[in-house]
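Undergrad: The file below is input23.cif, mmCIF, C-alpha atoms:
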data_work
#
loop_
_atom_site.label_atom_id
_atom_site.label_comp_id
_atom_site.auth_asym_id
_atom_site.auth_seq_id
_atom_site.Cartn_x
_atom_site.Cartn_y
_atom_site.Cartn_z
CA MET A 2 -21.12 -15.81 3.15
CA MET A 3 -19.19 -12.75 4.27
CA VAL A 4 -22.16 -11.66 6.38
CA VAL A 5 -22.31 -15.10 7.99
CA ALA A 6 -18.58 -14.92 8.69
CA VAL A 7 -18.85 -11.48 10.27
CA VAL A 8 -21.81 -12.42 12.48
CA ALA A 9 -20.00 -15.57 13.60
CA LEU A 10 -16.87 -13.46 14.24
CA ALA A 11 -18.74 -11.03 16.46
CA ARG A 12 -20.59 -13.70 18.42
CA SER A 13 -17.82 -16.22 18.99
CA ARG A 14 -16.02 -16.21 22.33
CA ASN A 15 -13.38 -18.72 21.32
CA LEU A 16 -10.49 -16.68 19.99
CA PHE A 17 -9.08 -19.57 17.96
CA ALA A 18 -12.34 -19.77 16.04
CA VAL A 19 -12.25 -15.99 15.62
CA VAL A 20 -8.79 -16.12 14.07
CA VAL A 21 -9.75 -18.89 11.64
CA LEU A 22 -12.96 -17.08 10.72
CA ALA A 23 -11.04 -13.87 10.11
CA GLY A 24 -8.77 -15.76 7.74
CA ALA A 25 -11.78 -17.15 5.89
CA TYR A 26 -13.25 -13.66 5.73
CA SER A 27 -10.00 -12.38 4.20
CA PHE A 28 -10.14 -15.03 1.49
CA LEU A 29 -13.75 -14.11 0.70
CA MET A 30 -12.72 -10.45 0.56
CA ALA A 31 -9.93 -11.40 -1.85
CA THR A 32 -12.40 -13.09 -4.18
CA VAL A 33 -14.59 -9.98 -4.08
CA LEU A 34 -11.54 -7.90 -5.04
CA VAL A 35 -10.77 -10.25 -7.94
CA ALA A 36 -14.36 -9.81 -9.09
CA LEU A 37 -13.75 -6.04 -8.97
CA ASP A 38 -10.66 -6.51 -11.20
CA ALA A 39 -8.29 -5.40 -8.44
CA VAL A 40 -5.97 -8.39 -8.65
CA ASP A 41 -3.07 -6.61 -6.96
CA VAL A 42 -5.15 -5.79 -3.90
CA ALA A 43 -6.63 -9.29 -3.89
CA MET A 44 -3.14 -10.81 -3.78
CA THR A 45 -2.18 -8.56 -0.91
CA GLU A 46 -5.38 -9.34 0.96
CA ALA A 47 -4.94 -13.09 0.53
CA ALA A 48 -1.28 -13.08 1.59
CA VAL A 49 -1.44 -10.53 4.42
CA GLY A 50 -4.99 -10.87 5.67
CA ALA A 51 -5.42 -14.59 5.36
CA GLY A 52 -1.83 -15.75 5.64
CA ILE A 53 0.53 -13.66 7.70
CA SER A 54 -1.90 -11.97 10.06
CA THR A 55 -3.52 -15.33 10.85
CA VAL A 56 -0.12 -16.74 11.74
CA LEU A 57 0.68 -13.69 13.88
CA PHE A 58 -2.68 -13.91 15.66
CA LEU A 59 -2.11 -17.59 16.35
CA GLY A 60 1.32 -16.74 17.70
CA ALA A 61 -0.26 -14.15 19.98
CA LEU A 62 -2.93 -16.66 21.06
CA TYR A 63 -0.19 -19.08 22.01
CA LEU A 64 1.06 -16.43 24.45
CA CYS A 65 -2.29 -15.79 26.12
CA ARG A 66 -5.55 -17.56 26.90
CA SER A 67 -7.73 -18.57 23.98
CA GLU A 68 -11.07 -17.60 25.55
CA GLU A 69 -12.28 -14.03 25.42
CA ALA A 70 -12.94 -12.54 28.88
CA LYS A 71 -16.49 -11.56 29.70
CA PRO A 72 -16.94 -7.78 29.45
CA ALA A 73 -17.06 -6.10 32.84
CA HIS A 74 -19.99 -3.81 31.97
CA ARG A 75 -22.55 -3.52 29.21
CA PRO A 76 -20.87 -1.83 26.24
CA LEU A 77 -23.71 0.64 25.57
CA ILE A 78 -21.60 3.77 25.06
CA PRO A 79 -19.15 2.10 22.64
CA PHE A 80 -22.12 0.60 20.80
CA ALA A 81 -23.78 4.01 20.43
CA LEU A 82 -20.46 5.49 19.28
CA ALA A 83 -19.99 2.77 16.68
CA VAL A 84 -23.55 3.17 15.38
CA SER A 85 -23.28 6.95 15.12
CA THR A 86 -19.89 6.71 13.36
CA GLY A 87 -21.35 4.21 10.93
CA ALA A 88 -24.35 6.44 10.30
CA LEU A 89 -22.02 9.40 9.66
CA LEU A 90 -20.01 7.37 7.17
CA VAL A 91 -23.15 6.23 5.35
CA TYR A 92 -24.35 9.86 5.27
CA GLY A 93 -20.98 10.89 3.85
CA SER A 94 -21.07 8.17 1.19
CA LEU A 95 -24.41 9.57 -0.04
CA GLY A 96 -22.47 12.56 -1.34
CA LEU A 97 -20.17 10.37 -3.46
CA PRO A 98 -20.87 9.97 -7.19
CA ASP A 99 -22.65 6.79 -8.25
CA PHE A 100 -20.58 3.61 -8.54
CA SER A 101 -18.88 3.36 -11.97
CA ASP A 102 -20.24 6.76 -13.04
CA PRO A 103 -17.99 7.85 -15.95
CA GLN A 104 -18.54 11.53 -15.09
CA ALA A 105 -17.20 11.14 -11.55
CA PRO A 106 -14.30 13.53 -10.80
CA ILE A 107 -11.90 10.64 -10.23
CA HIS A 108 -12.40 9.49 -13.81
CA THR A 109 -12.10 12.93 -15.41
CA HIS A 110 -9.08 14.43 -13.61
CA VAL A 111 -5.76 12.57 -13.98
CA ALA A 112 -6.93 9.02 -14.67
CA PRO A 113 -7.31 9.49 -18.45
CA ARG A 114 -3.81 10.93 -18.66
CA TYR A 115 -2.34 7.96 -16.78
CA LEU A 116 -4.27 5.52 -18.96
CA ASN A 117 -3.48 7.23 -22.26
CA ASP A 118 0.09 8.45 -21.77
CA GLY A 119 1.32 6.05 -19.09
CA PRO A 120 2.33 3.15 -21.36
CA GLN A 121 4.23 5.46 -23.74
CA GLU A 122 5.88 7.56 -21.03
CA THR A 123 6.99 4.73 -18.78
CA GLY A 124 7.03 1.73 -21.13
CA VAL A 125 5.23 -0.25 -18.45
CA PRO A 126 2.04 -1.98 -19.60
CA ASN A 127 0.66 -2.38 -16.07
CA VAL A 128 -0.78 1.04 -15.28
CA VAL A 129 -1.11 0.22 -11.59
CA THR A 130 2.66 -0.30 -11.32
CA ALA A 131 3.36 2.82 -13.39
CA VAL A 132 1.17 5.00 -11.18
CA LEU A 133 2.46 3.47 -7.94
CA ALA A 134 6.15 3.56 -8.68
CA SER A 135 6.50 6.49 -11.05
CA TYR A 136 3.71 9.06 -10.96
CA ARG A 137 3.05 8.49 -7.27
CA GLY A 138 6.63 7.61 -6.38
CA PHE A 139 6.67 9.93 -3.38
CA ASP A 140 3.58 8.30 -1.91
CA THR A 141 5.05 4.84 -2.33
CA PHE A 142 8.30 6.03 -0.75
CA GLY A 143 6.29 7.23 2.23
CA GLU A 144 4.47 3.92 2.32
CA THR A 145 7.72 1.98 2.37
CA THR A 146 8.96 4.23 5.14
CA VAL A 147 5.80 3.47 7.11
CA VAL A 148 6.45 -0.26 6.78
CA PHE A 149 10.07 0.33 7.82
CA THR A 150 8.98 2.37 10.84
CA ALA A 151 6.45 -0.26 11.87
CA GLY A 152 9.10 -2.94 11.67
CA VAL A 153 11.58 -0.92 13.68
CA GLY A 154 8.91 -0.14 16.28
CA VAL A 155 8.02 -3.79 16.76
CA ILE A 156 11.69 -4.76 16.95
CA VAL A 157 12.41 -2.12 19.58
CA LEU A 158 9.36 -3.00 21.70
CA LEU A 159 9.77 -6.77 21.71
CA ARG A 160 13.54 -6.78 21.99
CA ARG A 161 13.67 -4.60 25.07
CA ARG A 162 11.28 -6.89 26.92
CA ARG A 163 13.61 -9.76 26.27
CA LYS A 164 16.55 -7.87 27.69
CA ASP A 165 14.58 -6.94 30.81
CA LYS A 166 13.77 -10.58 31.39
CA ASN A 167 17.43 -11.39 31.04
CA LYS A 168 18.28 -8.90 33.76
CA GLU A 169 15.66 -10.37 36.11
CA SER A 170 16.83 -13.92 35.66
CA MET B 27 4.76 -30.09 13.62
CA ASN B 28 8.15 -31.51 12.81
CA ARG B 29 7.07 -35.14 12.59
CA GLN B 30 4.04 -34.77 10.34
CA LEU B 31 5.25 -36.57 7.24
CA VAL B 32 2.48 -35.33 4.94
CA LEU B 33 2.99 -31.74 5.98
CA ARG B 34 6.73 -31.97 5.50
CA VAL B 35 6.48 -33.47 2.04
CA ILE B 36 3.78 -31.06 0.87
CA ALA B 37 5.69 -28.12 2.30
CA LYS B 38 8.87 -29.18 0.55
CA LEU B 39 6.91 -29.44 -2.69
CA MET B 40 5.14 -26.12 -2.35
CA ILE B 41 7.68 -23.76 -0.83
CA PRO B 42 9.92 -23.53 -3.92
CA PHE B 43 6.88 -22.67 -6.01
CA ILE B 44 5.75 -20.02 -3.52
CA LEU B 45 9.20 -18.43 -3.59
CA ILE B 46 9.39 -18.60 -7.39
CA PHE B 47 5.93 -17.10 -7.62
CA ALA B 48 7.02 -14.28 -5.32
CA LEU B 49 10.00 -13.55 -7.54
CA TYR B 50 7.76 -13.72 -10.61
CA VAL B 51 5.37 -11.21 -9.07
CA GLN B 52 8.34 -9.00 -8.16
CA PHE B 53 9.99 -8.90 -11.56
CA HIS B 54 6.93 -9.30 -13.71
CA GLY B 55 5.02 -6.58 -11.88
CA ASP B 56 5.53 -4.20 -14.80
CA PHE B 57 3.54 -6.43 -17.12
CA GLY B 58 1.07 -8.35 -14.97
CA PRO B 59 -0.59 -7.71 -11.65
CA GLY B 60 1.73 -7.41 -8.72
CA GLY B 61 4.71 -5.47 -7.58
CA GLY B 62 7.09 -5.07 -4.70
CA PHE B 63 4.56 -5.16 -1.88
CA GLN B 64 2.76 -8.26 -3.08
CA ALA B 65 6.03 -10.01 -3.87
CA GLY B 66 7.49 -9.17 -0.48
CA VAL B 67 4.43 -10.48 1.33
CA ALA B 68 4.41 -13.70 -0.72
CA LEU B 69 8.11 -14.23 -0.06
CA ALA B 70 7.64 -13.71 3.67
CA ALA B 71 4.62 -16.04 3.65
CA GLY B 72 6.70 -18.75 2.01
CA VAL B 73 9.45 -18.49 4.60
CA ILE B 74 6.92 -18.36 7.44
CA PHE B 75 5.36 -21.54 6.03
CA TYR B 76 8.80 -23.16 6.20
CA ALA B 77 9.23 -21.95 9.77
CA LEU B 78 5.85 -23.37 10.81
CA ILE B 79 6.67 -26.82 9.48
CA PHE B 80 10.40 -27.15 10.07
CA GLY B 81 10.82 -25.00 13.14
CA LEU B 82 12.11 -21.54 13.86
CA ALA B 83 15.68 -22.56 14.53
CA ARG B 84 16.24 -24.04 11.09
CA THR B 85 14.63 -21.04 9.44
CA ARG B 86 16.83 -18.71 11.40
CA ARG B 87 19.86 -20.58 10.17
CA ALA B 88 18.68 -20.11 6.57
CA VAL B 89 17.52 -16.49 6.98
CA PRO B 90 19.40 -15.00 9.92
CA ASP B 91 18.14 -12.01 11.92
CA SER B 92 21.11 -9.85 11.01
CA LEU B 93 20.35 -10.30 7.30
CA LEU B 94 16.73 -9.25 7.90
CA ASP B 95 17.77 -6.19 9.91
CA GLY B 96 20.01 -5.18 7.05
CA MET B 97 17.27 -5.78 4.50
CA ILE B 98 14.71 -3.69 6.41
CA ALA B 99 16.92 -0.64 6.17
CA GLY B 100 18.43 -1.62 2.82
CA GLY B 101 15.09 -1.60 1.00
CA VAL B 102 14.25 1.92 2.10
CA LEU B 103 17.78 3.04 1.31
CA LEU B 104 17.54 1.48 -2.15
CA TYR B 105 14.30 3.34 -2.81
CA GLY B 106 15.74 6.59 -1.53
CA GLY B 107 18.98 5.88 -3.37
CA VAL B 108 17.11 5.71 -6.67
CA GLY B 109 15.65 9.11 -5.86
CA VAL B 110 19.06 10.54 -4.98
CA ALA B 111 20.58 9.00 -8.11
CA GLY B 112 17.98 10.87 -10.11
CA MET B 113 19.03 14.07 -8.33
CA LEU B 114 22.73 13.45 -8.99
CA LEU B 115 22.01 12.94 -12.67
CA GLY B 116 20.33 16.32 -12.84
CA GLY B 117 16.67 15.55 -12.28
CA ASN B 118 14.34 15.94 -9.35
CA PHE B 119 14.09 13.54 -6.42
CA LEU B 120 12.59 10.26 -7.69
CA ASP B 121 12.79 11.51 -11.26
CA TYR B 122 13.42 8.41 -13.39
CA PHE B 123 13.65 10.10 -16.78
CA VAL B 124 17.33 10.93 -16.28
CA LEU B 125 18.41 7.39 -15.36
CA ASP B 126 19.02 6.53 -19.00
CA ALA B 127 19.44 8.38 -22.27
CA ASP B 128 16.15 6.88 -23.38
CA THR B 129 13.50 8.22 -20.99
CA VAL B 130 11.34 5.12 -21.33
CA ILE B 131 14.22 2.84 -20.38
CA GLY B 132 15.04 5.25 -17.54
CA GLN B 133 11.49 4.97 -16.25
CA HIS B 134 11.68 1.21 -16.50
CA ARG B 135 14.94 1.11 -14.60
CA GLY B 136 13.65 3.42 -11.89
CA ILE B 137 10.46 1.46 -11.41
CA PHE B 138 12.40 -1.81 -11.26
CA TRP B 139 14.75 -0.66 -8.50
CA VAL B 140 12.05 1.11 -6.57
CA GLU B 141 9.88 -2.00 -6.60
CA ALA B 142 12.88 -4.06 -5.55
CA GLY B 143 13.35 -1.73 -2.57
CA VAL B 144 9.70 -2.05 -1.59
CA GLY B 145 9.85 -5.84 -1.88
CA ILE B 146 13.00 -6.13 0.22
CA THR B 147 11.69 -3.95 3.03
CA VAL B 148 8.20 -5.49 3.13
CA SER B 149 9.37 -9.10 3.14
CA SER B 150 12.01 -8.54 5.78
CA VAL B 151 9.71 -6.53 8.06
CA MET B 152 7.02 -9.21 7.88
CA LEU B 153 9.53 -11.96 8.61
CA ARG B 154 11.18 -10.04 11.44
CA ILE B 155 7.82 -9.44 13.13
CA PHE B 156 7.02 -13.13 12.79
CA TYR B 157 10.41 -14.06 14.26
CA LEU B 158 9.86 -11.79 17.24
CA PHE B 159 6.40 -13.21 17.94
CA ALA B 160 7.53 -16.80 17.54
CA ASP B 161 10.58 -16.08 19.66
CA ARG B 162 8.44 -14.81 22.51
CA ALA B 163 6.44 -18.03 22.38
CA ASN B 164 9.67 -20.01 22.66
CA LEU B 165 10.85 -17.78 25.47
CA THR B 166 7.81 -18.30 27.68
CA GLU B 167 7.94 -22.01 27.01
CA SER B 168 11.59 -22.29 27.98
CA GLU B 169 10.99 -20.18 31.06
CA ARG B 170 8.22 -22.54 32.04
CA ASP B 171 10.50 -25.52 31.60
CA HIS B 172 13.62 -23.99 33.13
CA PRO B 173 12.63 -21.35 35.67
CA GLU B 174 16.24 -20.26 36.19
CA GLY B 175 16.55 -19.32 32.57
CA GLU B 176 19.41 -20.22 30.34
CA ARG B 177 19.42 -17.23 28.07
#
Represent the supplied structure as structure tokens.

TA:
Amino acid sequence: MMVVAVVALARSRNLFAVVVLAGAYSFLMATVLVALDAVDVAMTEAAVGAGISTVLFLGALYLCRSEEAKPAHRPLIPFALAVSTGALLVYGSLGLPDFSDPQAPIHTHVAPRYLNDGPQETGVPNVVTAVLASYRGFDTFGETTVVFTAGVGVIVLLRRRRKDKNKES
Amino acid sequence: MNRQLVLRVIAKLMIPFILIFALYVQFHGDFGPGGGFQAGVALAAGVIFYALIFGLARTRRAVPDSLLDGMIAGGVLLYGGVGVAGMLLGGNFLDYFVLDADTVIGQHRGIFWVEAGVGITVSSVMLRIFYLFADRANLTESERDHPEGER
């Protein structure tokens, strides 16, 4: 189903259909994440990917035309670039340890300590929250700052346009 | 979409539950799946739902821009403030062990406030971006209707 959604996404020229398909794809992705036991990520994917970004895309569509313009030239160079990047990534993933290999470095380094000592040290049964907020508190602080910066950037960009229009009129 | 009776009734039924669920995810994140980011996004989604059905103006009256602007900065400040509080109490930056005599309770307290900061910032940023987009749509529409511009 996800493959069908992606192929339809790439082929469709109607941007409204693209937005709806992207939302459906996000929901499918969320179910995959639930199947992988990553409920936190699935919730984020469903709310951001399927909910808020769909609304924002529709808002953007309202501001412009809903049909994609025909490309001016054949996109051969971008296509070659995308294929070679994909090939590089696949080549890189060959060097990763096998999926769910218990001897993989990620499972032998700090993960056992988090899993064994985390509940006693933090008193928080959800290890994901303990790692995010306590052990990796600096990273999450940076993350929050990124969200803050993104918000401020959007505010500054869109607000100034409005003021300019006020001056013109 | 203001006159769609079914939508209005369903929205009125569902929005309180969405908001409650967001708060549940926020404050129950220590025990179940979830946390500040997820809660913030769910909260923003609930309010955006309200704005889609009942209009931007009414939403803005309920959740004004100035409140959101304050929340965007306030969340980050709350997070950083927890870190600084740890420093003032003799620990390192973002060190929660010193927040209470019992280190486990201190950790709990730190995680709670940090997650609250994340939730506040995320929800307000999402909402503010939505407001700005929706506002631009209104703007072009009103310019089309009144070329002189009233704003």

Undergrad: Sorted by chain and rising residue number, list the residues of chain A at most 9 Å from chain B (counting all atoms listed in the file), each with its closest atom pair and distance in Å to one decimal, as a tab-separated table.

TA:
residue	atom	partner	partner_atom	distance
A:Ala39	CA	B:Pro59	CA	8.7
A:Val40	CA	B:Pro59	CA	6.2
A:Asp41	CA	B:Gly60	CA	5.2
A:Val42	CA	B:Gln64	CA	8.3
A:Met44	CA	B:Gln64	CA	6.5
A:Thr45	CA	B:Gln64	CA	5.4
A:Ala48	CA	B:Ala68	CA	6.2
A:Val49	CA	B:Val67	CA	6.6
A:Gly52	CA	B:Ala71	CA	6.8
A:Ile53	CA	B:Ala71	CA	6.2
A:Val56	CA	B:Phe156	CA	8.1
A:Leu57	CA	B:Phe156	CA	6.5
A:Gly60	CA	B:Phe159	CA	6.2
A:Ala61	CA	B:Phe159	CA	7.0
A:Tyr63	CA	B:Ala163	CA	6.7
A:Leu64	CA	B:Ala163	CA	6.0
A:Gln121	CA	B:Val130	CA	7.5
A:Glu122	CA	B:Val130	CA	6.0
A:Thr123	CA	B:Val130	CA	5.1
A:Gly124	CA	B:Val130	CA	5.5
A:Val125	CA	B:Asp56	CA	5.4
A:Pro126	CA	B:Phe57	CA	5.3
A:Asn127	CA	B:Phe57	CA	5.1
A:Val128	CA	B:Asp56	CA	8.2
A:Val129	CA	B:Pro59	CA	7.9
A:Thr130	CA	B:Asp56	CA	6.0
A:Ala131	CA	B:Asp56	CA	7.5
A:Leu133	CA	B:Ile137	CA	8.9
A:Ala134	CA	B:Ile137	CA	5.5
A:Ser135	CA	B:Ile137	CA	6.4
A:Gly138	CA	B:Leu120	CA	6.7
A:Phe139	CA	B:Leu120	CA	7.3
A:Thr141	CA	B:Val144	CA	8.3
A:Phe142	CA	B:Tyr105	CA	6.9
A:Glu144	CA	B:Val144	CA	8.8
A:Thr145	CA	B:Val144	CA	6.0
A:Thr146	CA	B:Val102	CA	6.5
A:Val148	CA	B:Val148	CA	6.6
A:Phe149	CA	B:Ile98	CA	6.3
A:Ala151	CA	B:Val151	CA	8.0
A:Gly152	CA	B:Val151	CA	5.1
A:Val153	CA	B:Val151	CA	8.2
A:Val155	CA	B:Ile155	CA	6.7
A:Ile156	CA	B:Ile155	CA	7.2
A:Leu159	CA	B:Leu158	CA	6.7
A:Arg160	CA	B:Leu158	CA	7.8
A:Arg163	CA	B:Arg162	CA	8.1
A:Asn167	CA	B:Arg177	CA	6.8
A:Ser170	CA	B:Gly175	CA	6.2

Undergrad: Grab the atom CA of B:Phe47 to atom CA of B:Val73 distance for me, in Å with one decimal place.

TA: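 It comes out at 12.8 Å.
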
Undergrad: Rounded to one decimal place, report the atom CA of A:Ala23-atom CA of A:Val7 distance in Å.

TA: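 Answer for the atom CA of A:Ala23 to atom CA of A:Val7 separation: 8.2 Å.
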
Undergrad: May I ask for the distance between atom CA of A:Gly24 and atom CA of A:Leu10, given in Å to one decimal place?

TA: 10.6 Å

Undergrad: Of the candidates A:Ala105, A:Val35, A:Ala9, A:Arg114, which one gets nearest to A:Leu22 if we count only C-alpha atoms?

TA: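 That would be A:Ala9, the residue with the smallest distance to A:Leu22.
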